[in-house]
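Have a look at data05.txt; it's compact mmCIF, C-alpha atoms:
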```txt
# COMPACT_ATOMS: atom_id res chain seq x y z
CA MET A 1 0.00 0.00 0.00
CA LEU A 2 1.36 3.39 -1.02
CA LEU A 3 1.94 6.10 1.53
CA PRO A 4 -0.18 9.24 0.92
CA THR A 5 3.03 11.20 0.27
CA THR A 6 4.45 8.78 -2.33
CA ILE A 7 5.28 10.47 -5.65
CA THR A 8 3.08 8.83 -8.28
CA GLU A 9 3.27 11.20 -11.27
CA LEU A 10 5.65 13.78 -12.70
CA HIS A 11 4.65 15.82 -15.74
CA PHE A 12 6.46 18.70 -17.43
CA GLU A 13 5.88 20.92 -20.44
CA PRO A 14 7.23 24.10 -22.02
CA LEU A 15 6.15 27.35 -20.39
CA ASP A 16 6.74 30.18 -22.86
CA LEU A 17 6.12 33.64 -21.46
CA ALA A 18 6.41 36.85 -23.48
CA LEU A 19 8.14 39.73 -21.71
CA THR A 20 7.13 43.38 -21.62
CA GLU A 21 10.67 44.23 -22.78
CA PRO A 22 13.90 42.30 -23.38
CA PHE A 23 15.51 41.45 -20.03
CA ALA A 24 18.84 42.91 -21.09
CA ILE A 25 21.92 42.22 -18.96
CA ALA A 26 25.65 42.30 -19.73
CA THR A 27 25.60 38.78 -21.21
CA GLY A 28 22.33 38.71 -23.17
CA ALA A 29 18.85 40.14 -23.74
CA PRO A 30 16.08 37.51 -23.94
CA ASP A 31 12.64 38.82 -24.98
CA MET A 32 10.88 35.58 -23.98
CA ALA A 33 11.07 33.44 -20.87
CA ASN A 34 11.34 29.90 -22.22
CA ASN A 35 10.67 28.09 -18.96
CA VAL A 36 9.25 24.70 -17.98
CA LEU A 37 6.11 23.96 -15.95
CA VAL A 38 6.39 20.94 -13.63
CA ARG A 39 3.47 19.06 -12.05
CA LEU A 40 4.13 16.49 -9.33
CA LYS A 41 1.34 14.29 -7.93
CA LEU A 42 1.25 12.42 -4.64
CA ALA A 43 -0.61 9.17 -3.96
CA ASP A 44 -3.38 11.01 -2.10
CA GLY A 45 -4.08 13.08 -5.22
CA THR A 46 -2.31 16.26 -4.09
CA VAL A 47 -0.66 18.11 -6.99
CA GLY A 48 2.28 20.48 -6.58
CA LEU A 49 3.41 23.00 -9.18
CA GLY A 50 6.98 23.91 -10.00
CA GLU A 51 8.78 26.06 -12.53
CA SER A 52 12.19 25.74 -14.11
CA ALA A 53 13.61 29.00 -15.45
CA PRO A 54 16.81 28.29 -17.38
CA LEU A 55 18.74 31.41 -18.41
CA THR A 56 21.28 30.45 -21.04
CA ALA A 57 23.36 33.59 -20.61
CA VAL A 58 23.98 32.72 -16.96
CA SER A 59 24.01 28.92 -16.64
CA GLY A 60 24.18 27.64 -20.23
CA GLU A 61 20.87 25.79 -19.79
CA THR A 62 18.05 25.91 -22.33
CA GLN A 63 14.41 24.94 -22.24
CA ALA A 64 15.20 21.81 -24.29
CA SER A 65 18.11 20.75 -22.06
CA THR A 66 15.96 21.33 -18.97
CA ILE A 67 13.13 19.17 -20.30
CA SER A 68 15.64 16.46 -21.18
CA ALA A 69 17.17 16.61 -17.70
CA ILE A 70 13.81 16.29 -15.96
CA ALA A 71 12.84 13.41 -18.24
CA SER A 72 16.07 11.59 -17.36
CA VAL A 73 15.19 11.37 -13.65
CA ARG A 74 11.42 10.98 -13.90
CA GLU A 75 11.22 7.21 -13.49
CA ALA A 76 13.66 7.21 -10.57
CA LEU A 77 11.54 9.78 -8.72
CA LEU A 78 8.31 7.84 -8.97
CA GLY A 79 7.66 5.77 -5.87
CA ARG A 80 9.81 7.93 -3.58
CA ASP A 81 8.35 9.41 -0.40
CA ALA A 82 8.11 13.18 -0.81
CA ARG A 83 8.76 13.64 2.91
CA GLY A 84 12.38 12.81 2.16
CA TRP A 85 12.75 16.04 0.21
CA ARG A 86 16.25 16.79 1.46
CA PRO A 87 17.78 13.45 0.38
CA ILE A 88 15.82 13.74 -2.86
CA GLY A 89 17.36 17.18 -3.42
CA ALA A 90 20.85 15.83 -2.67
CA TRP A 91 20.27 12.94 -5.09
CA LEU A 92 19.09 15.34 -7.80
CA ALA A 93 22.27 17.39 -7.35
CA GLU A 94 24.34 14.27 -8.03
CA ALA A 95 22.15 13.08 -10.92
CA LEU A 96 21.85 16.49 -12.62
CA PRO A 97 24.93 18.52 -11.63
CA GLY A 98 24.77 20.71 -14.72
CA ALA A 99 21.02 21.33 -14.68
CA PRO A 100 20.19 23.43 -11.59
CA SER A 101 16.97 24.90 -12.97
CA ALA A 102 15.69 21.39 -13.79
CA ARG A 103 16.45 20.28 -10.23
CA CYS A 104 14.82 23.40 -8.88
CA GLY A 105 11.60 22.94 -10.86
CA ILE A 106 11.22 19.45 -9.38
CA GLU A 107 12.04 20.65 -5.85
CA LEU A 108 9.50 23.49 -6.12
CA ALA A 109 6.75 21.10 -7.21
CA LEU A 110 7.74 18.58 -4.53
CA LEU A 111 7.66 21.09 -1.68
CA ASP A 112 4.46 22.69 -2.96
CA ALA A 113 2.82 19.24 -2.92
CA LEU A 114 4.06 18.61 0.63
CA GLY A 115 2.81 21.99 1.79
CA ARG A 116 -0.60 21.37 0.26
CA HIS A 117 -0.73 17.85 1.72
CA TYR A 118 -0.06 19.12 5.24
CA ARG A 119 -2.07 22.35 4.75
CA MET A 120 1.00 24.42 5.58
CA PRO A 121 2.14 27.55 3.75
CA LEU A 122 5.76 27.33 2.71
CA PHE A 123 6.79 30.45 4.62
CA ALA A 124 5.88 28.50 7.78
CA PHE A 125 7.58 25.37 6.46
CA PHE A 126 10.84 27.29 6.05
CA GLY A 127 10.70 28.70 9.56
CA GLY A 128 8.00 31.35 9.79
CA ALA A 129 10.37 34.27 10.33
CA GLY A 130 8.12 36.60 8.31
CA THR A 131 5.55 36.94 5.55
CA GLY A 132 6.70 39.99 3.58
CA LEU A 133 9.71 41.50 1.84
CA ASP A 134 10.63 44.90 0.44
CA ILE A 135 11.79 44.43 -3.15
CA ASP A 136 13.68 46.33 -5.80
CA MET A 137 12.89 46.51 -9.51
CA THR A 138 15.38 46.22 -12.35
CA VAL A 139 16.37 48.84 -14.89
CA THR A 140 17.58 46.58 -17.70
CA ALA A 141 20.58 47.44 -19.86
CA GLY A 142 19.99 50.09 -22.51
CA ASP A 143 20.63 53.71 -23.40
CA GLU A 144 20.03 56.82 -21.32
CA ALA A 145 16.51 57.39 -22.65
CA HIS A 146 15.55 53.84 -21.72
CA ALA A 147 17.09 54.30 -18.26
CA ALA A 148 15.07 57.47 -17.70
CA SER A 149 11.73 55.99 -18.78
CA SER A 150 12.34 52.80 -16.77
CA ALA A 151 13.18 54.77 -13.64
CA ARG A 152 10.02 56.85 -13.96
CA ALA A 153 7.87 53.74 -14.44
CA ILE A 154 9.39 51.98 -11.44
CA VAL A 155 8.91 54.96 -9.13
CA ALA A 156 5.31 55.23 -10.35
CA ARG A 157 4.75 51.68 -9.03
CA GLY A 158 5.76 52.84 -5.56
CA ILE A 159 9.05 50.92 -5.63
CA ARG A 160 11.88 52.88 -4.03
CA THR A 161 14.89 50.64 -4.76
CA LEU A 162 16.22 50.40 -8.32
CA LYS A 163 18.66 47.74 -9.47
CA VAL A 164 20.47 48.90 -12.59
CA LYS A 165 21.99 46.44 -15.04
CA VAL A 166 25.44 47.64 -16.08
CA GLY A 167 28.41 46.07 -17.84
CA ALA A 168 26.87 45.81 -21.31
CA LEU A 169 28.27 49.25 -22.22
CA SER A 170 31.41 51.09 -21.14
CA ALA A 171 31.81 52.10 -17.52
CA GLU A 172 31.58 55.76 -18.54
CA GLU A 173 28.29 55.20 -20.38
CA ASP A 174 26.92 53.32 -17.39
CA VAL A 175 27.82 56.25 -15.13
CA ARG A 176 25.85 58.56 -17.42
CA ARG A 177 22.87 56.19 -17.20
CA MET A 178 23.10 56.25 -13.41
CA VAL A 179 23.13 60.07 -13.46
CA VAL A 180 19.92 60.06 -15.49
CA ILE A 181 18.30 57.52 -13.16
CA ARG A 182 19.29 59.54 -10.11
CA ARG A 183 17.66 62.59 -11.68
CA GLU A 184 14.42 60.71 -12.38
CA ALA A 185 14.36 58.95 -8.98
CA PRO A 186 16.21 61.29 -6.62
CA GLY A 187 15.11 59.59 -3.40
CA ALA A 188 15.56 55.99 -4.53
CA ARG A 189 18.13 53.55 -3.23
CA LEU A 190 20.36 52.40 -6.09
CA PHE A 191 22.02 49.05 -6.75
CA ALA A 192 24.21 48.19 -9.75
CA ASP A 193 24.57 44.69 -11.23
CA ALA A 194 27.28 44.04 -13.81
CA ASN A 195 26.61 40.29 -14.20
CA GLY A 196 30.38 39.86 -14.53
CA GLY A 197 30.59 42.34 -17.40
CA TYR A 198 33.48 44.49 -16.10
CA THR A 199 37.16 44.02 -15.49
CA VAL A 200 38.53 45.19 -12.14
CA ALA A 201 39.76 48.38 -13.80
CA GLN A 202 36.38 49.05 -15.41
CA ALA A 203 34.59 48.42 -12.13
CA ARG A 204 36.84 50.95 -10.43
CA THR A 205 36.21 53.46 -13.21
CA PHE A 206 32.48 52.98 -12.70
CA LEU A 207 32.69 53.45 -8.92
CA GLU A 208 34.97 56.49 -9.25
CA GLY A 209 32.61 58.00 -11.81
CA LEU A 210 29.65 57.62 -9.47
CA GLU A 211 31.58 59.15 -6.60
CA ALA A 212 32.60 62.11 -8.76
CA ALA A 213 28.97 62.59 -9.81
CA GLY A 214 27.80 62.45 -6.20
CA ILE A 215 25.65 59.37 -6.74
CA PRO A 216 25.43 57.06 -3.71
CA LEU A 217 25.44 53.34 -4.53
CA ALA A 218 24.05 50.96 -1.90
CA LEU A 219 25.25 47.69 -3.49
CA PHE A 220 27.46 46.55 -6.39
CA GLU A 221 26.64 43.04 -7.62
CA GLN A 222 29.02 40.68 -9.47
CA PRO A 223 31.30 43.36 -10.97
CA VAL A 224 33.70 40.87 -12.60
CA PRO A 225 33.34 37.39 -14.17
CA ARG A 226 32.54 34.37 -12.01
CA GLU A 227 36.03 32.88 -12.35
CA ASP A 228 37.82 36.09 -11.28
CA TRP A 229 37.99 35.23 -7.59
CA GLU A 230 41.02 37.45 -7.08
CA GLY A 231 39.25 40.38 -8.72
CA MET A 232 36.19 39.95 -6.52
CA ALA A 233 38.40 39.91 -3.41
CA GLU A 234 40.39 42.93 -4.59
CA LEU A 235 37.24 45.00 -5.10
CA THR A 236 35.75 43.80 -1.82
CA ARG A 237 38.88 44.99 0.03
CA SER A 238 39.03 48.37 -1.67
CA SER A 239 35.41 49.35 -2.30
CA ARG A 240 33.40 51.50 0.07
CA VAL A 241 30.31 50.05 -1.61
CA PRO A 242 29.29 46.53 -0.48
CA ILE A 243 30.16 43.90 -3.11
CA CYS A 244 27.62 41.11 -3.68
CA ALA A 245 28.46 37.82 -5.43
CA ASP A 246 25.91 36.26 -7.77
CA GLU A 247 27.43 34.18 -10.55
CA SER A 248 30.39 33.49 -8.24
CA ALA A 249 28.05 31.99 -5.63
CA ARG A 250 26.34 28.92 -7.12
CA THR A 251 27.15 26.30 -4.50
CA ALA A 252 27.88 26.02 -0.79
CA LYS A 253 31.54 25.47 -1.68
CA ASP A 254 31.52 28.78 -3.55
CA VAL A 255 30.13 30.58 -0.50
CA LEU A 256 32.77 28.98 1.72
CA ARG A 257 35.51 30.12 -0.67
CA LEU A 258 34.12 33.66 -0.84
CA ALA A 259 33.98 33.82 2.95
CA ARG A 260 37.51 32.48 3.40
CA GLU A 261 39.06 34.72 0.71
CA GLY A 262 37.04 37.84 1.49
CA GLY A 263 35.57 37.66 -2.00
CA ALA A 264 32.31 39.48 -1.26
CA HIS A 265 30.39 41.28 1.44
CA GLY A 266 27.27 39.31 0.55
CA ILE A 267 25.73 36.77 -1.83
CA ASN A 268 22.68 36.67 -4.05
CA LEU A 269 20.79 33.41 -3.54
CA LYS A 270 18.83 32.22 -6.58
CA LEU A 271 17.01 28.91 -6.35
CA MET A 272 17.32 28.38 -10.12
CA LYS A 273 21.12 28.47 -10.07
CA SER A 274 21.52 26.22 -7.03
CA GLY A 275 18.34 24.31 -6.18
CA VAL A 276 16.43 24.52 -2.90
CA VAL A 277 18.48 22.12 -0.77
CA GLU A 278 21.79 23.65 -1.89
CA SER A 279 20.42 27.16 -1.32
CA LEU A 280 19.60 26.23 2.28
CA ALA A 281 23.22 25.20 2.82
CA MET A 282 24.39 28.45 1.22
CA TRP A 283 22.07 30.47 3.48
CA ASN A 284 23.48 28.77 6.57
CA LEU A 285 27.09 29.37 5.52
CA ALA A 286 26.46 33.01 4.65
CA ARG A 287 24.73 33.63 7.98
CA ALA A 288 27.51 31.91 9.92
CA SER A 289 30.11 33.96 8.03
CA GLY A 290 28.38 37.29 8.65
CA MET A 291 27.71 37.88 4.96
CA GLU A 292 24.75 39.87 3.71
CA LEU A 293 22.01 38.05 1.79
CA MET A 294 19.96 38.92 -1.26
CA MET A 295 17.10 36.77 -2.59
CA GLY A 296 17.00 36.87 -6.38
CA GLY A 297 15.86 34.90 -9.37
CA MET A 298 16.24 34.27 -13.07
CA VAL A 299 13.45 35.39 -15.44
CA GLU A 300 10.66 33.72 -13.48
CA SER A 301 6.88 33.94 -13.40
CA THR A 302 4.63 34.51 -10.40
CA LEU A 303 4.98 30.80 -9.58
CA ALA A 304 8.73 30.66 -8.93
CA MET A 305 8.83 34.23 -7.57
CA SER A 306 6.17 33.30 -5.01
CA PHE A 307 8.20 30.27 -3.91
CA ALA A 308 11.29 32.46 -3.57
CA ALA A 309 9.31 34.90 -1.42
CA HIS A 310 8.22 32.05 0.88
CA PHE A 311 11.83 30.84 1.08
CA ALA A 312 13.30 34.24 1.95
CA ALA A 313 10.53 35.51 4.23
CA GLY A 314 10.23 32.18 6.02
CA LEU A 315 13.96 31.83 6.67
CA GLY A 316 14.55 35.50 7.42
CA GLY A 317 17.94 37.21 7.51
CA PHE A 318 17.75 38.70 4.01
CA ASP A 319 19.03 42.24 3.57
CA TYR A 320 17.81 42.62 -0.02
CA ALA A 321 15.06 41.06 -2.15
CA ASP A 322 15.32 41.19 -5.94
CA LEU A 323 11.99 39.49 -6.66
CA ASP A 324 10.70 41.47 -9.61
CA THR A 325 10.89 39.35 -12.76
CA HIS A 326 7.18 38.47 -12.63
CA LEU A 327 6.60 42.17 -13.30
CA PHE A 328 8.26 41.71 -16.70
CA ILE A 329 5.90 38.88 -17.76
CA ARG A 330 3.33 40.20 -20.25
CA GLU A 331 0.66 37.62 -19.45
CA HIS A 332 0.38 34.22 -17.76
CA SER A 333 -2.18 31.65 -16.69
CA PHE A 334 -1.47 31.60 -12.94
CA GLN A 335 -3.66 32.67 -10.05
CA GLY A 336 -2.80 33.42 -6.43
CA GLY A 337 0.66 33.52 -4.96
CA LEU A 338 2.43 36.65 -3.80
CA ARG A 339 0.59 39.94 -3.52
CA MET A 340 2.26 43.26 -4.10
CA GLN A 341 1.63 46.69 -2.62
CA ASP A 342 3.99 49.39 -3.80
CA GLY A 343 7.47 47.97 -3.20
CA ARG A 344 6.50 45.17 -0.83
CA VAL A 345 5.49 41.58 -1.59
CA ASP A 346 3.40 39.61 0.86
CA ILE A 347 2.54 35.90 1.15
CA GLY A 348 0.89 35.92 4.59
CA HIS A 349 -2.51 35.11 3.08
CA VAL A 350 -1.34 31.78 1.58
CA GLN A 351 -2.92 28.78 3.32
CA ALA A 352 -0.92 25.90 1.82
CA GLY A 353 2.16 25.44 -0.37
CA HIS A 354 3.26 28.44 -2.38
CA GLY A 355 -0.32 29.42 -3.12
CA VAL A 356 -0.09 29.54 -6.91
CA ASP A 357 -2.60 27.66 -9.06
CA LEU A 358 -3.23 27.37 -12.77
CA GLY A 359 -6.02 29.64 -13.98
```

What do you get writing this file as structure tokens?
Amino acid sequence: MLLPTTITELHFEPLDLALTEPFAIATGAPDMANNVLVRLKLADGTVGLGESAPLTAVSGETQASTISAIASVREALLGRDARGWRPIGAWLAEALPGAPSARCGIELALLDALGRHYRMPLFAFFGGAGTGLDIDMTVTAGDEAHAASSARAIVARGIRTLKVKVGALSAEEDVRRMVVIRREAPGARLFADANGGYTVAQARTFLEGLEAAGIPLALFEQPVPREDWEGMAELTRSSRVPICADESARTAKDVLRLAREGGAHGINLKLMKSGVVESLAMWNLARASGMELMMGGMVESTLAMSFAAHFAAGLGGFDYADLDTHLFIREHSFQGGLRMQDGRVDIGHVQAGHGVDLG
């Protein structure tokens, strides 16, 4: 006789979502989120929903490779007890080391199913530290006119923290964009995210340009490429602006190295680049090391963004929340999940799982 929490079905299909504008960063500018929808069913009939959001420019994954990766582990997942979600996550990491978004989509569906089975919202499952987060919104890479219009639109939403994508242009051009944004949003807190698009010298030119222009920067994310550990440490030692690692922080081992080498003041946790179980280990290491924490994401819909909100609010300890990509989705077929008022997301109303259903 099957346990009620035995995994009996796993289905997956393409989830293609048009964006309101290309999500331009230093390494690419997709105009469509080519994601994957995952459905996982338990023996008692409970269905959990997950989303995989591969971003080729960051991880090298594609929608096709993600579907193939999920298909390769489907049969081995059937018959497992979903209550063993941590060993399942560890097994997925070994089985699919190069497919973090595929692993994540399965983990999201698995934990959503468990939460629905036990009638527990995931923010409580992860610890119940809170139910809301103040978020930023991204100004994607582009010219000065685009920066100005984006800043105006973000402020009109009531969001007071702007995260500006830099590194696609020269450092000098990016400084000019920041000047324009500061003019359009004079009271906003500003972050910059280079996605590894600068050299150390270019990053310094950017920071010096901002200082000369009198523009305060609250956070500088991934200024140099992932593999430039020495460059990250050099900037962390010399910069008055906190340095946050994103692409350089994909695993718990990465976080340990960053902490030991002084490679960043903080890390950006993204479930899609690490998976849920690995992200928990990264959170623990960052907290123990006194590093700041940001909760981020790839180009994700309301489904994955809601899960990330449960994860971050439930665990607590996050200094920044970059949970805005659902605002770039033109239309989708989901209902429920996170609610947003001005620059704050809330999931306190959710009764079970992540709270997102298909419309």

Give me, as number ranges by chain, all polymer residues having an atom no more than 9 Å from range 343-354 of chain A, counting all atoms listed in the file and skipping those fewer than 5 positions away in the same chain. A: 48-49, 108, 111-123, 125, 130-137, 157-161, 303-304, 306-307, 309-310, 313, 323, 336-338

Quick one: of A:Leu256, A:Ile215, A:Arg152, A:Glu208, who's nearest to Val179 in chain A, counting only C-alpha atoms?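 The shortest atom-to-atom distance to Val179 in chain A comes from A:Ile215.
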
Spatial neighbours of His332 in chain A, max dist 9 Å, only C-alpha atoms, sep filter under 6 positions, as a list of chain:residue names: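 Near His332 in chain A, the qualifying residues are A:Leu17, A:Ala18, A:Ser301, A:Thr302, A:Gly359.
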
Written selection (C-alpha atoms) as a PDB file, in the frame of the given file:
```pdb
ATOM      1  CA  LEU A  17       6.120  33.640 -21.460  1.00  0.00           C
ATOM      2  CA  ALA A  18       6.410  36.850 -23.480  1.00  0.00           C
ATOM      3  CA  SER A 301       6.880  33.940 -13.400  1.00  0.00           C
ATOM      4  CA  THR A 302       4.630  34.510 -10.400  1.00  0.00           C
ATOM      5  CA  GLY A 359      -6.020  29.640 -13.980  1.00  0.00           C
TER       6      GLY A 359
END
```

What's around Ala156 in chain A at 12 Å? Count all atoms listed in the file, leave out sequence neighbours fewer than 6 positions away in its own chain, and write the answer as a count of residues only. 8

Need the shell around Leu78 in chain A: protein/DNA/RNA residues with any atom at most 7 Å away, counting only C-alpha atoms. Skip same-chain ones fewer than 3 positions apart. Format as a list of chain:residue names?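 Once the adjacent positions are removed, what remains is A:Ile7, A:Thr8, A:Glu9, A:Arg74, A:Glu75.
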
Exercise: Ala145 in chain A partners within 12 Å, all atoms listed in the file, chain neighbours under 2 positions left out, as a ChimeraX atom specification: /A:139-143,147-152,176-181,184
